[in-house]
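Peer 1: The structure file query26.cif (mmCIF, N, CA and C atoms) is provided below.
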```
data_coords
#
loop_
_atom_site.label_atom_id
_atom_site.label_comp_id
_atom_site.auth_asym_id
_atom_site.auth_seq_id
_atom_site.Cartn_x
_atom_site.Cartn_y
_atom_site.Cartn_z
N MET N 212 141.20 -10.64 0.78
CA MET N 212 140.19 -9.75 0.27
C MET N 212 138.93 -10.56 0.09
N GLY N 213 137.78 -9.90 0.20
CA GLY N 213 136.52 -10.57 0.01
C GLY N 213 136.42 -11.14 -1.39
N VAL N 214 135.71 -12.24 -1.50
CA VAL N 214 135.56 -12.88 -2.79
C VAL N 214 134.56 -12.08 -3.61
N VAL N 215 134.96 -11.72 -4.81
CA VAL N 215 134.09 -11.01 -5.73
C VAL N 215 133.64 -12.00 -6.78
N ASP N 216 132.33 -12.05 -7.03
CA ASP N 216 131.79 -12.95 -8.03
C ASP N 216 132.49 -12.71 -9.36
N GLN N 217 133.03 -13.74 -9.95
CA GLN N 217 133.81 -13.61 -11.18
C GLN N 217 132.98 -13.87 -12.44
N THR N 218 131.69 -14.19 -12.28
CA THR N 218 130.87 -14.44 -13.46
C THR N 218 129.93 -13.28 -13.68
N SER N 219 129.63 -13.04 -14.94
CA SER N 219 128.82 -11.90 -15.32
C SER N 219 127.39 -12.32 -15.57
N THR N 220 126.45 -11.47 -15.20
CA THR N 220 125.05 -11.73 -15.49
C THR N 220 124.49 -10.70 -16.46
N GLY N 221 125.29 -9.68 -16.81
CA GLY N 221 124.78 -8.59 -17.62
C GLY N 221 125.17 -8.66 -19.07
N ASP N 222 124.70 -7.67 -19.79
CA ASP N 222 125.07 -7.55 -21.20
C ASP N 222 125.65 -6.17 -21.44
N HIS N 223 126.46 -5.72 -20.52
CA HIS N 223 127.06 -4.39 -20.60
C HIS N 223 127.84 -4.18 -21.89
N LEU N 224 128.65 -5.15 -22.25
CA LEU N 224 129.51 -4.97 -23.43
C LEU N 224 128.69 -4.88 -24.71
N ARG N 225 127.64 -5.67 -24.82
CA ARG N 225 126.79 -5.56 -26.00
C ARG N 225 126.16 -4.18 -26.07
N ARG N 226 125.64 -3.69 -24.95
CA ARG N 226 125.03 -2.35 -24.91
C ARG N 226 126.07 -1.27 -25.20
N TYR N 227 127.26 -1.42 -24.62
CA TYR N 227 128.32 -0.45 -24.87
C TYR N 227 128.68 -0.41 -26.36
N ASP N 228 128.92 -1.56 -26.95
CA ASP N 228 129.32 -1.61 -28.37
C ASP N 228 128.25 -1.01 -29.27
N GLU N 229 126.99 -1.31 -28.99
CA GLU N 229 125.90 -0.74 -29.79
C GLU N 229 125.84 0.78 -29.64
N THR N 230 125.98 1.26 -28.42
CA THR N 230 125.93 2.70 -28.17
C THR N 230 127.14 3.39 -28.78
N LEU N 231 128.32 2.77 -28.65
CA LEU N 231 129.54 3.35 -29.18
C LEU N 231 129.44 3.59 -30.69
N ALA N 232 128.82 2.67 -31.39
CA ALA N 232 128.70 2.80 -32.84
C ALA N 232 127.91 4.04 -33.23
N ASP N 233 126.93 4.43 -32.39
CA ASP N 233 126.07 5.57 -32.69
C ASP N 233 126.51 6.87 -32.02
N ASP N 234 127.01 6.74 -30.78
CA ASP N 234 127.28 7.94 -29.99
C ASP N 234 128.38 7.66 -28.95
N PRO N 235 129.65 7.89 -29.30
CA PRO N 235 130.76 7.59 -28.37
C PRO N 235 130.63 8.31 -27.02
N VAL N 236 130.13 9.52 -27.01
CA VAL N 236 129.99 10.23 -25.73
C VAL N 236 128.97 9.53 -24.85
N ALA N 237 127.87 9.10 -25.43
CA ALA N 237 126.86 8.36 -24.66
C ALA N 237 127.40 7.03 -24.16
N ALA N 238 128.26 6.39 -24.97
CA ALA N 238 128.85 5.11 -24.55
C ALA N 238 129.74 5.31 -23.33
N ILE N 239 130.52 6.39 -23.32
CA ILE N 239 131.38 6.68 -22.16
C ILE N 239 130.51 6.98 -20.94
N ALA N 240 129.41 7.70 -21.14
CA ALA N 240 128.49 7.99 -20.03
C ALA N 240 127.92 6.69 -19.46
N LEU N 241 127.61 5.72 -20.31
CA LEU N 241 127.13 4.42 -19.83
C LEU N 241 128.17 3.76 -18.94
N VAL N 242 129.42 3.74 -19.41
CA VAL N 242 130.49 3.11 -18.63
C VAL N 242 130.64 3.80 -17.28
N LEU N 243 130.63 5.11 -17.27
CA LEU N 243 130.75 5.84 -16.00
C LEU N 243 129.59 5.52 -15.07
N ARG N 244 128.39 5.42 -15.62
CA ARG N 244 127.22 5.07 -14.80
C ARG N 244 127.39 3.68 -14.21
N TRP N 245 127.82 2.72 -15.04
CA TRP N 245 128.01 1.36 -14.54
C TRP N 245 129.10 1.30 -13.48
N LEU N 246 130.16 2.07 -13.66
CA LEU N 246 131.24 2.08 -12.66
C LEU N 246 130.77 2.64 -11.33
N ARG N 247 129.79 3.51 -11.37
CA ARG N 247 129.24 4.07 -10.12
C ARG N 247 128.17 3.19 -9.50
N ALA N 248 127.29 2.61 -10.33
CA ALA N 248 126.09 1.99 -9.79
C ALA N 248 126.06 0.46 -9.93
N ASP N 249 126.75 -0.10 -10.90
CA ASP N 249 126.66 -1.52 -11.18
C ASP N 249 128.05 -2.11 -11.38
N TRP N 250 129.01 -1.61 -10.60
CA TRP N 250 130.40 -1.93 -10.85
C TRP N 250 130.73 -3.40 -10.71
N ARG N 251 130.11 -4.11 -9.78
CA ARG N 251 130.46 -5.53 -9.60
C ARG N 251 130.11 -6.35 -10.83
N ASP N 252 128.89 -6.22 -11.32
CA ASP N 252 128.50 -6.97 -12.53
C ASP N 252 129.31 -6.51 -13.74
N PHE N 253 129.49 -5.21 -13.86
CA PHE N 253 130.22 -4.67 -15.01
C PHE N 253 131.66 -5.18 -15.02
N LEU N 254 132.36 -5.07 -13.88
CA LEU N 254 133.75 -5.52 -13.83
C LEU N 254 133.86 -7.03 -13.98
N ALA N 255 132.88 -7.78 -13.47
CA ALA N 255 132.90 -9.23 -13.67
C ALA N 255 132.79 -9.56 -15.16
N GLU N 256 131.92 -8.84 -15.85
CA GLU N 256 131.79 -9.07 -17.30
C GLU N 256 133.07 -8.69 -18.04
N LEU N 257 133.69 -7.59 -17.63
CA LEU N 257 134.95 -7.20 -18.26
C LEU N 257 136.02 -8.25 -18.02
N ARG N 258 136.16 -8.71 -16.77
CA ARG N 258 137.18 -9.72 -16.47
C ARG N 258 136.96 -10.98 -17.31
N GLU N 259 135.70 -11.33 -17.50
CA GLU N 259 135.35 -12.55 -18.23
C GLU N 259 135.53 -12.39 -19.74
N ARG N 260 135.13 -11.24 -20.30
CA ARG N 260 135.04 -11.12 -21.75
C ARG N 260 136.00 -10.12 -22.39
N ARG N 261 136.37 -9.07 -21.66
CA ARG N 261 137.25 -8.04 -22.24
C ARG N 261 138.08 -7.44 -21.10
N PRO N 262 139.08 -8.18 -20.62
CA PRO N 262 139.80 -7.76 -19.41
C PRO N 262 140.56 -6.45 -19.55
N VAL N 263 140.96 -6.08 -20.75
CA VAL N 263 141.52 -4.75 -20.98
C VAL N 263 140.51 -4.03 -21.86
N PHE N 264 139.77 -3.12 -21.26
CA PHE N 264 138.63 -2.48 -21.89
C PHE N 264 139.01 -1.05 -22.28
N VAL N 265 139.10 -0.82 -23.58
CA VAL N 265 139.55 0.47 -24.10
C VAL N 265 138.33 1.26 -24.58
N THR N 266 138.19 2.48 -24.05
CA THR N 266 137.15 3.39 -24.52
C THR N 266 137.85 4.58 -25.20
N PRO N 267 137.10 5.44 -25.85
CA PRO N 267 137.73 6.63 -26.44
C PRO N 267 138.33 7.57 -25.40
N ALA N 268 137.88 7.46 -24.15
CA ALA N 268 138.34 8.40 -23.11
C ALA N 268 139.33 7.80 -22.12
N PHE N 269 139.27 6.50 -21.88
CA PHE N 269 140.12 5.87 -20.86
C PHE N 269 140.13 4.37 -21.09
N THR N 270 141.00 3.69 -20.35
CA THR N 270 141.10 2.24 -20.42
C THR N 270 140.91 1.68 -19.02
N VAL N 271 140.18 0.58 -18.91
CA VAL N 271 139.96 -0.10 -17.64
C VAL N 271 140.68 -1.44 -17.71
N VAL N 272 141.55 -1.69 -16.74
CA VAL N 272 142.31 -2.94 -16.66
C VAL N 272 141.76 -3.72 -15.48
N THR N 273 141.32 -4.97 -15.71
CA THR N 273 140.54 -5.66 -14.68
C THR N 273 141.20 -6.89 -14.06
N ARG N 274 142.27 -7.39 -14.64
CA ARG N 274 142.90 -8.59 -14.08
C ARG N 274 144.18 -8.22 -13.36
N TYR N 275 144.41 -8.91 -12.25
CA TYR N 275 145.52 -8.59 -11.35
C TYR N 275 146.86 -8.49 -12.09
N ALA N 276 147.19 -9.49 -12.89
CA ALA N 276 148.49 -9.48 -13.57
C ALA N 276 148.63 -8.26 -14.48
N ASP N 277 147.54 -7.89 -15.15
CA ASP N 277 147.58 -6.72 -16.02
C ASP N 277 147.73 -5.43 -15.22
N VAL N 278 147.04 -5.37 -14.08
CA VAL N 278 147.16 -4.18 -13.22
C VAL N 278 148.59 -4.04 -12.72
N VAL N 279 149.19 -5.14 -12.29
CA VAL N 279 150.59 -5.11 -11.83
C VAL N 279 151.50 -4.64 -12.96
N GLU N 280 151.26 -5.13 -14.16
CA GLU N 280 152.06 -4.71 -15.32
C GLU N 280 151.94 -3.21 -15.55
N VAL N 281 150.71 -2.70 -15.51
CA VAL N 281 150.50 -1.26 -15.70
C VAL N 281 151.21 -0.47 -14.62
N LEU N 282 151.04 -0.88 -13.38
CA LEU N 282 151.64 -0.13 -12.27
C LEU N 282 153.16 -0.18 -12.27
N SER N 283 153.73 -1.17 -12.94
CA SER N 283 155.19 -1.27 -12.96
C SER N 283 155.82 -0.43 -14.08
N HIS N 284 155.01 0.25 -14.87
CA HIS N 284 155.52 1.07 -15.97
C HIS N 284 154.95 2.47 -15.89
N GLU N 285 155.29 3.18 -14.83
CA GLU N 285 154.70 4.52 -14.64
C GLU N 285 155.12 5.52 -15.71
N GLU N 286 156.22 5.25 -16.40
CA GLU N 286 156.62 6.16 -17.47
C GLU N 286 155.70 6.04 -18.69
N VAL N 287 155.04 4.90 -18.85
CA VAL N 287 154.09 4.70 -19.95
C VAL N 287 152.66 4.95 -19.49
N PHE N 288 152.30 4.34 -18.37
CA PHE N 288 150.95 4.45 -17.81
C PHE N 288 150.99 5.45 -16.65
N THR N 289 150.92 6.70 -16.98
CA THR N 289 151.12 7.75 -15.99
C THR N 289 149.81 8.29 -15.43
N VAL N 290 149.91 8.89 -14.25
CA VAL N 290 148.76 9.59 -13.66
C VAL N 290 148.95 11.10 -13.74
N ARG N 291 149.97 11.52 -14.49
CA ARG N 291 150.29 12.95 -14.52
C ARG N 291 149.10 13.84 -14.88
N SER N 292 148.27 13.42 -15.83
CA SER N 292 147.14 14.26 -16.22
C SER N 292 146.07 14.32 -15.14
N PHE N 293 146.02 13.32 -14.24
CA PHE N 293 145.03 13.31 -13.18
C PHE N 293 145.55 13.90 -11.87
N GLY N 294 146.87 13.98 -11.74
CA GLY N 294 147.48 14.43 -10.49
C GLY N 294 146.94 15.74 -9.95
N PRO N 295 146.91 16.80 -10.74
CA PRO N 295 146.43 18.08 -10.22
C PRO N 295 144.98 18.02 -9.71
N ARG N 296 144.12 17.30 -10.43
CA ARG N 296 142.72 17.19 -9.98
C ARG N 296 142.61 16.36 -8.70
N LEU N 297 143.38 15.28 -8.62
CA LEU N 297 143.35 14.46 -7.42
C LEU N 297 143.85 15.23 -6.21
N GLU N 298 144.95 15.95 -6.41
CA GLU N 298 145.50 16.73 -5.30
C GLU N 298 144.57 17.86 -4.89
N ALA N 299 143.90 18.48 -5.86
CA ALA N 299 142.94 19.54 -5.53
C ALA N 299 141.78 18.97 -4.72
N ALA N 300 141.33 17.78 -5.09
CA ALA N 300 140.22 17.16 -4.36
C ALA N 300 140.63 16.80 -2.94
N LEU N 301 141.87 16.38 -2.75
CA LEU N 301 142.35 16.00 -1.42
C LEU N 301 142.91 17.17 -0.63
N GLY N 302 143.24 18.24 -1.34
CA GLY N 302 143.77 19.41 -0.66
C GLY N 302 145.25 19.35 -0.34
N ALA N 303 145.94 18.37 -0.89
CA ALA N 303 147.38 18.24 -0.62
C ALA N 303 147.99 17.25 -1.60
N PRO N 304 149.30 17.34 -1.81
CA PRO N 304 149.95 16.34 -2.66
C PRO N 304 149.96 14.97 -1.97
N PHE N 305 149.94 13.93 -2.76
CA PHE N 305 150.09 12.59 -2.21
C PHE N 305 150.80 11.71 -3.23
N MET N 306 151.38 10.64 -2.76
CA MET N 306 152.30 9.85 -3.57
C MET N 306 151.68 9.25 -4.81
N LEU N 307 150.40 8.91 -4.80
CA LEU N 307 149.80 8.28 -5.97
C LEU N 307 149.59 9.24 -7.12
N SER N 308 149.70 10.53 -6.86
CA SER N 308 149.57 11.50 -7.95
C SER N 308 150.92 11.98 -8.44
N ARG N 309 151.98 11.37 -7.94
CA ARG N 309 153.34 11.81 -8.26
C ARG N 309 154.19 10.66 -8.76
N ASP N 310 153.88 10.14 -9.96
CA ASP N 310 154.67 9.07 -10.55
C ASP N 310 156.15 9.45 -10.65
N ALA N 311 157.00 8.49 -10.35
CA ALA N 311 158.44 8.60 -10.59
C ALA N 311 159.03 9.91 -10.08
N THR N 312 158.62 10.29 -8.87
CA THR N 312 159.17 11.49 -8.24
C THR N 312 159.79 11.09 -6.90
N PRO N 313 160.63 11.96 -6.34
CA PRO N 313 161.19 11.64 -5.03
C PRO N 313 160.11 11.38 -3.97
N MET N 314 159.01 12.13 -4.01
CA MET N 314 157.93 11.91 -3.05
C MET N 314 157.36 10.49 -3.19
N ASN N 315 157.11 10.06 -4.41
CA ASN N 315 156.56 8.74 -4.67
C ASN N 315 157.53 7.67 -4.19
N TRP N 316 158.81 7.79 -4.58
CA TRP N 316 159.80 6.79 -4.19
C TRP N 316 159.97 6.74 -2.67
N ARG N 317 160.00 7.90 -2.03
CA ARG N 317 160.17 7.94 -0.57
C ARG N 317 159.00 7.25 0.12
N ASP N 318 157.77 7.59 -0.27
CA ASP N 318 156.61 7.01 0.38
C ASP N 318 156.50 5.51 0.12
N LYS N 319 156.83 5.07 -1.10
CA LYS N 319 156.84 3.63 -1.37
C LYS N 319 157.87 2.93 -0.50
N GLY N 320 159.05 3.55 -0.37
CA GLY N 320 160.09 2.98 0.48
C GLY N 320 159.65 2.87 1.92
N LEU N 321 158.99 3.90 2.43
CA LEU N 321 158.49 3.87 3.80
C LEU N 321 157.45 2.76 3.98
N MET N 322 156.57 2.62 3.00
CA MET N 322 155.56 1.56 3.09
C MET N 322 156.22 0.19 3.12
N ARG N 323 157.26 0.00 2.32
CA ARG N 323 157.93 -1.30 2.29
C ARG N 323 158.63 -1.60 3.62
N VAL N 324 159.17 -0.57 4.24
CA VAL N 324 159.84 -0.76 5.54
C VAL N 324 158.81 -1.03 6.64
N MET N 325 157.70 -0.33 6.59
CA MET N 325 156.69 -0.44 7.65
C MET N 325 155.84 -1.70 7.54
N LEU N 326 155.72 -2.28 6.36
CA LEU N 326 154.85 -3.43 6.15
C LEU N 326 155.70 -4.65 5.80
N ALA N 327 155.77 -5.58 6.72
CA ALA N 327 156.53 -6.81 6.48
C ALA N 327 155.89 -7.57 5.32
N GLN N 328 156.70 -8.14 4.47
CA GLN N 328 156.20 -8.86 3.30
C GLN N 328 155.21 -9.96 3.70
N ASP N 329 155.44 -10.60 4.84
CA ASP N 329 154.54 -11.66 5.30
C ASP N 329 153.15 -11.13 5.66
N ASP N 330 153.04 -9.84 5.92
CA ASP N 330 151.76 -9.25 6.31
C ASP N 330 150.94 -8.74 5.13
N VAL N 331 151.52 -8.73 3.96
CA VAL N 331 150.85 -8.12 2.80
C VAL N 331 149.50 -8.78 2.53
N ALA N 332 149.43 -10.09 2.49
CA ALA N 332 148.17 -10.78 2.18
C ALA N 332 147.10 -10.45 3.21
N ARG N 333 147.47 -10.43 4.48
CA ARG N 333 146.50 -10.13 5.54
C ARG N 333 146.02 -8.69 5.43
N VAL N 334 146.94 -7.76 5.18
CA VAL N 334 146.57 -6.34 5.03
C VAL N 334 145.70 -6.17 3.79
N ARG N 335 146.06 -6.83 2.70
CA ARG N 335 145.26 -6.76 1.47
C ARG N 335 143.84 -7.25 1.75
N GLY N 336 143.71 -8.36 2.45
CA GLY N 336 142.39 -8.90 2.78
C GLY N 336 141.58 -7.95 3.64
N THR N 337 142.21 -7.38 4.64
CA THR N 337 141.53 -6.43 5.51
C THR N 337 141.12 -5.18 4.73
N ALA N 338 142.03 -4.66 3.93
CA ALA N 338 141.72 -3.46 3.13
C ALA N 338 140.58 -3.74 2.15
N GLY N 339 140.59 -4.89 1.52
CA GLY N 339 139.52 -5.25 0.60
C GLY N 339 138.18 -5.37 1.29
N ARG N 340 138.17 -6.02 2.46
CA ARG N 340 136.93 -6.17 3.22
C ARG N 340 136.39 -4.81 3.65
N LEU N 341 137.27 -3.96 4.16
CA LEU N 341 136.84 -2.62 4.59
C LEU N 341 136.35 -1.78 3.42
N ALA N 342 137.03 -1.89 2.28
CA ALA N 342 136.59 -1.15 1.09
C ALA N 342 135.24 -1.65 0.62
N ASP N 343 135.03 -2.97 0.59
CA ASP N 343 133.73 -3.51 0.21
C ASP N 343 132.63 -3.03 1.15
N GLU N 344 132.90 -3.06 2.45
CA GLU N 344 131.91 -2.60 3.42
C GLU N 344 131.59 -1.12 3.24
N ALA N 345 132.62 -0.31 3.02
CA ALA N 345 132.41 1.12 2.84
C ALA N 345 131.62 1.41 1.57
N LEU N 346 131.95 0.71 0.49
CA LEU N 346 131.22 0.90 -0.77
C LEU N 346 129.77 0.44 -0.64
N ASP N 347 129.55 -0.70 0.03
CA ASP N 347 128.19 -1.20 0.23
C ASP N 347 127.39 -0.21 1.09
N ALA N 348 128.00 0.35 2.11
CA ALA N 348 127.31 1.31 2.96
C ALA N 348 127.01 2.62 2.23
N ALA N 349 127.92 3.01 1.34
CA ALA N 349 127.74 4.27 0.62
C ALA N 349 126.69 4.14 -0.46
N TRP N 350 126.53 2.96 -1.00
CA TRP N 350 125.58 2.76 -2.09
C TRP N 350 124.79 1.48 -1.80
N PRO N 351 123.84 1.52 -0.85
CA PRO N 351 123.18 0.30 -0.42
C PRO N 351 122.32 -0.37 -1.50
N GLY N 352 121.89 0.37 -2.52
CA GLY N 352 121.04 -0.21 -3.57
C GLY N 352 121.87 -0.90 -4.58
#
```
Transcribe the structure of this file into structure tokens.

Peer 2:
Amino acid sequence: MGVVDQTSTGDHLRRYDETLADDPVAAIALVLRWLRADWRDFLAELRERRPVFVTPAFTVVTRYADVVEVLSHEEVFTVRSFGPRLEAALGAPFMLSRDATPMNWRDKGLMRVMLAQDDVARVRGTAGRLADEALDAAWPG
């Protein structure tokens, strides 16, 4: 995967904490804006200073080991509340919106059979590069 700068240049957390004290809804709006427009700096700051970032509306997990931990406990960290909206947006069911279901297990099993373990790092790198390029093209500023 492409190298993402791991150091922060912003003061997102200070601004978030100040806003949260006065107006939690505005603080969440700030986070959503940063995730859309300034995600690299914002996520770098989170990884550096607050890798598990809890807001009144959602939690952002920024370090690989923590993400793996979350994904390995779908009964606790579920996508059930987001599933219907995700499927409506895509127009069909898909495995990531179906935690701990036969569809999810079947599709995960197929992915494991189709992707040799030795290829995972190369595929991850390619997927990361393509995602970075697509995001940069979609939001050039």

Peer 1: Enumerate the residues of chain N with a DSSP assignment of helix (DSSP H, G or I), computed from the backbone, and present them as a PyMOL selection string.

Peer 2: chain N and resi 223-233+235-248+250-260+275-282+294-301+306-308+313-325+328-349

Peer 1: Determine the nearest neighbour of Thr289 (chain N) from the options N:Asp310, N:Asp330, N:Asp249, N:Asp277, counting only N, CA and C atoms.

Peer 2: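 Result for the nearest residue to Thr289 (chain N): N:Asp310.
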
Peer 1: Which residues, written as a PyMOL selection string, have at least one atom at most 9 Å from Lys319 (chain N), with only C-alpha atoms counted and residues fewer than 5 positions away on the same chain left out?

Peer 2: chain N and resi 306+314+324

Peer 1: Would you mind telling me which residue in N:Leu231, N:Ala248, N:Met322, N:Val272 lies nearest to Asp347 (chain N) when using only C-alpha atoms?

Peer 2: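 Selected residue with least distance to Asp347 (chain N): N:Ala248.
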
Peer 1: Provide the atom C of Val290 (chain N) to atom C of Ser308 (chain N) distance in Å, to one decimal place.

Peer 2: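 That distance, rounded to one decimal, is 5.7 Å.
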
Peer 1: Go through N:Leu243, N:Trp350, N:Glu256, N:Pro295 and flag the residue nearest Thr270 (chain N), using only C-alpha atoms for the distances.

Peer 2: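 Using only C-alpha atoms, the shortest distance to Thr270 (chain N) belongs to N:Leu243.
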
Peer 1: Could you tell me, as a ChimeraX atom specification, which residues of region 252-343 of chain N DSSP assigns to strand (DSSP E) when given the backbone?

Peer 2: /N:263-265,270-272

Peer 1: Identify which of the residues N:Asp318, N:Glu259, N:Asp329, N:Glu285 lies closest to Thr273 (chain N), counting all atoms listed in the file when measuring atom-to-atom distances.

Peer 2: N:Glu259

Peer 1: Please supply region 276-291 of chain N, rebuilt with N, CA, C and O atoms, as a PDB file, in the frame of the given file.

Peer 2:
```
ATOM      1  N   ALA N 276     147.190  -9.490 -12.890  1.00  0.00           N
ATOM      2  CA  ALA N 276     148.490  -9.480 -13.570  1.00  0.00           C
ATOM      3  C   ALA N 276     148.630  -8.260 -14.480  1.00  0.00           C
ATOM      4  O   ALA N 276     149.705  -7.654 -14.565  1.00  0.00           O
ATOM      5  N   ASP N 277     147.540  -7.890 -15.150  1.00  0.00           N
ATOM      6  CA  ASP N 277     147.580  -6.720 -16.020  1.00  0.00           C
ATOM      7  C   ASP N 277     147.730  -5.430 -15.220  1.00  0.00           C
ATOM      8  O   ASP N 277     148.445  -4.511 -15.623  1.00  0.00           O
ATOM      9  N   VAL N 278     147.040  -5.370 -14.080  1.00  0.00           N
ATOM     10  CA  VAL N 278     147.160  -4.180 -13.220  1.00  0.00           C
ATOM     11  C   VAL N 278     148.590  -4.040 -12.720  1.00  0.00           C
ATOM     12  O   VAL N 278     149.162  -2.948 -12.745  1.00  0.00           O
ATOM     13  N   VAL N 279     149.190  -5.140 -12.290  1.00  0.00           N
ATOM     14  CA  VAL N 279     150.590  -5.110 -11.830  1.00  0.00           C
ATOM     15  C   VAL N 279     151.500  -4.640 -12.960  1.00  0.00           C
ATOM     16  O   VAL N 279     152.401  -3.824 -12.749  1.00  0.00           O
ATOM     17  N   GLU N 280     151.260  -5.130 -14.160  1.00  0.00           N
ATOM     18  CA  GLU N 280     152.060  -4.710 -15.320  1.00  0.00           C
ATOM     19  C   GLU N 280     151.940  -3.210 -15.550  1.00  0.00           C
ATOM     20  O   GLU N 280     152.935  -2.517 -15.746  1.00  0.00           O
ATOM     21  N   VAL N 281     150.710  -2.700 -15.510  1.00  0.00           N
ATOM     22  CA  VAL N 281     150.500  -1.260 -15.700  1.00  0.00           C
ATOM     23  C   VAL N 281     151.210  -0.470 -14.620  1.00  0.00           C
ATOM     24  O   VAL N 281     151.910   0.509 -14.901  1.00  0.00           O
ATOM     25  N   LEU N 282     151.040  -0.880 -13.380  1.00  0.00           N
ATOM     26  CA  LEU N 282     151.640  -0.130 -12.270  1.00  0.00           C
ATOM     27  C   LEU N 282     153.160  -0.180 -12.270  1.00  0.00           C
ATOM     28  O   LEU N 282     153.809   0.681 -11.679  1.00  0.00           O
ATOM     29  N   SER N 283     153.730  -1.170 -12.940  1.00  0.00           N
ATOM     30  CA  SER N 283     155.190  -1.270 -12.960  1.00  0.00           C
ATOM     31  C   SER N 283     155.820  -0.430 -14.080  1.00  0.00           C
ATOM     32  O   SER N 283     157.039  -0.412 -14.202  1.00  0.00           O
ATOM     33  N   HIS N 284     155.010   0.250 -14.870  1.00  0.00           N
ATOM     34  CA  HIS N 284     155.520   1.070 -15.970  1.00  0.00           C
ATOM     35  C   HIS N 284     154.950   2.470 -15.890  1.00  0.00           C
ATOM     36  O   HIS N 284     154.252   2.929 -16.803  1.00  0.00           O
ATOM     37  N   GLU N 285     155.290   3.180 -14.830  1.00  0.00           N
ATOM     38  CA  GLU N 285     154.700   4.520 -14.640  1.00  0.00           C
ATOM     39  C   GLU N 285     155.120   5.520 -15.710  1.00  0.00           C
ATOM     40  O   GLU N 285     154.458   6.519 -15.924  1.00  0.00           O
ATOM     41  N   GLU N 286     156.220   5.250 -16.400  1.00  0.00           N
ATOM     42  CA  GLU N 286     156.620   6.160 -17.470  1.00  0.00           C
ATOM     43  C   GLU N 286     155.700   6.040 -18.690  1.00  0.00           C
ATOM     44  O   GLU N 286     155.571   6.986 -19.464  1.00  0.00           O
ATOM     45  N   VAL N 287     155.040   4.900 -18.850  1.00  0.00           N
ATOM     46  CA  VAL N 287     154.090   4.700 -19.950  1.00  0.00           C
ATOM     47  C   VAL N 287     152.660   4.950 -19.490  1.00  0.00           C
ATOM     48  O   VAL N 287     151.899   5.663 -20.132  1.00  0.00           O
ATOM     49  N   PHE N 288     152.300   4.340 -18.370  1.00  0.00           N
ATOM     50  CA  PHE N 288     150.950   4.450 -17.810  1.00  0.00           C
ATOM     51  C   PHE N 288     150.990   5.450 -16.650  1.00  0.00           C
ATOM     52  O   PHE N 288     151.073   5.080 -15.498  1.00  0.00           O
ATOM     53  N   THR N 289     150.920   6.700 -16.980  1.00  0.00           N
ATOM     54  CA  THR N 289     151.120   7.750 -15.990  1.00  0.00           C
ATOM     55  C   THR N 289     149.810   8.290 -15.430  1.00  0.00           C
ATOM     56  O   THR N 289     148.764   8.182 -16.068  1.00  0.00           O
ATOM     57  N   VAL N 290     149.910   8.890 -14.250  1.00  0.00           N
ATOM     58  CA  VAL N 290     148.760   9.590 -13.660  1.00  0.00           C
ATOM     59  C   VAL N 290     148.950  11.100 -13.740  1.00  0.00           C
ATOM     60  O   VAL N 290     148.189  11.848 -13.150  1.00  0.00           O
ATOM     61  N   ARG N 291     149.970  11.520 -14.490  1.00  0.00           N
ATOM     62  CA  ARG N 291     150.290  12.950 -14.520  1.00  0.00           C
ATOM     63  C   ARG N 291     149.100  13.840 -14.880  1.00  0.00           C
ATOM     64  O   ARG N 291     148.918  14.895 -14.308  1.00  0.00           O
TER      65      ARG N 291
END
```
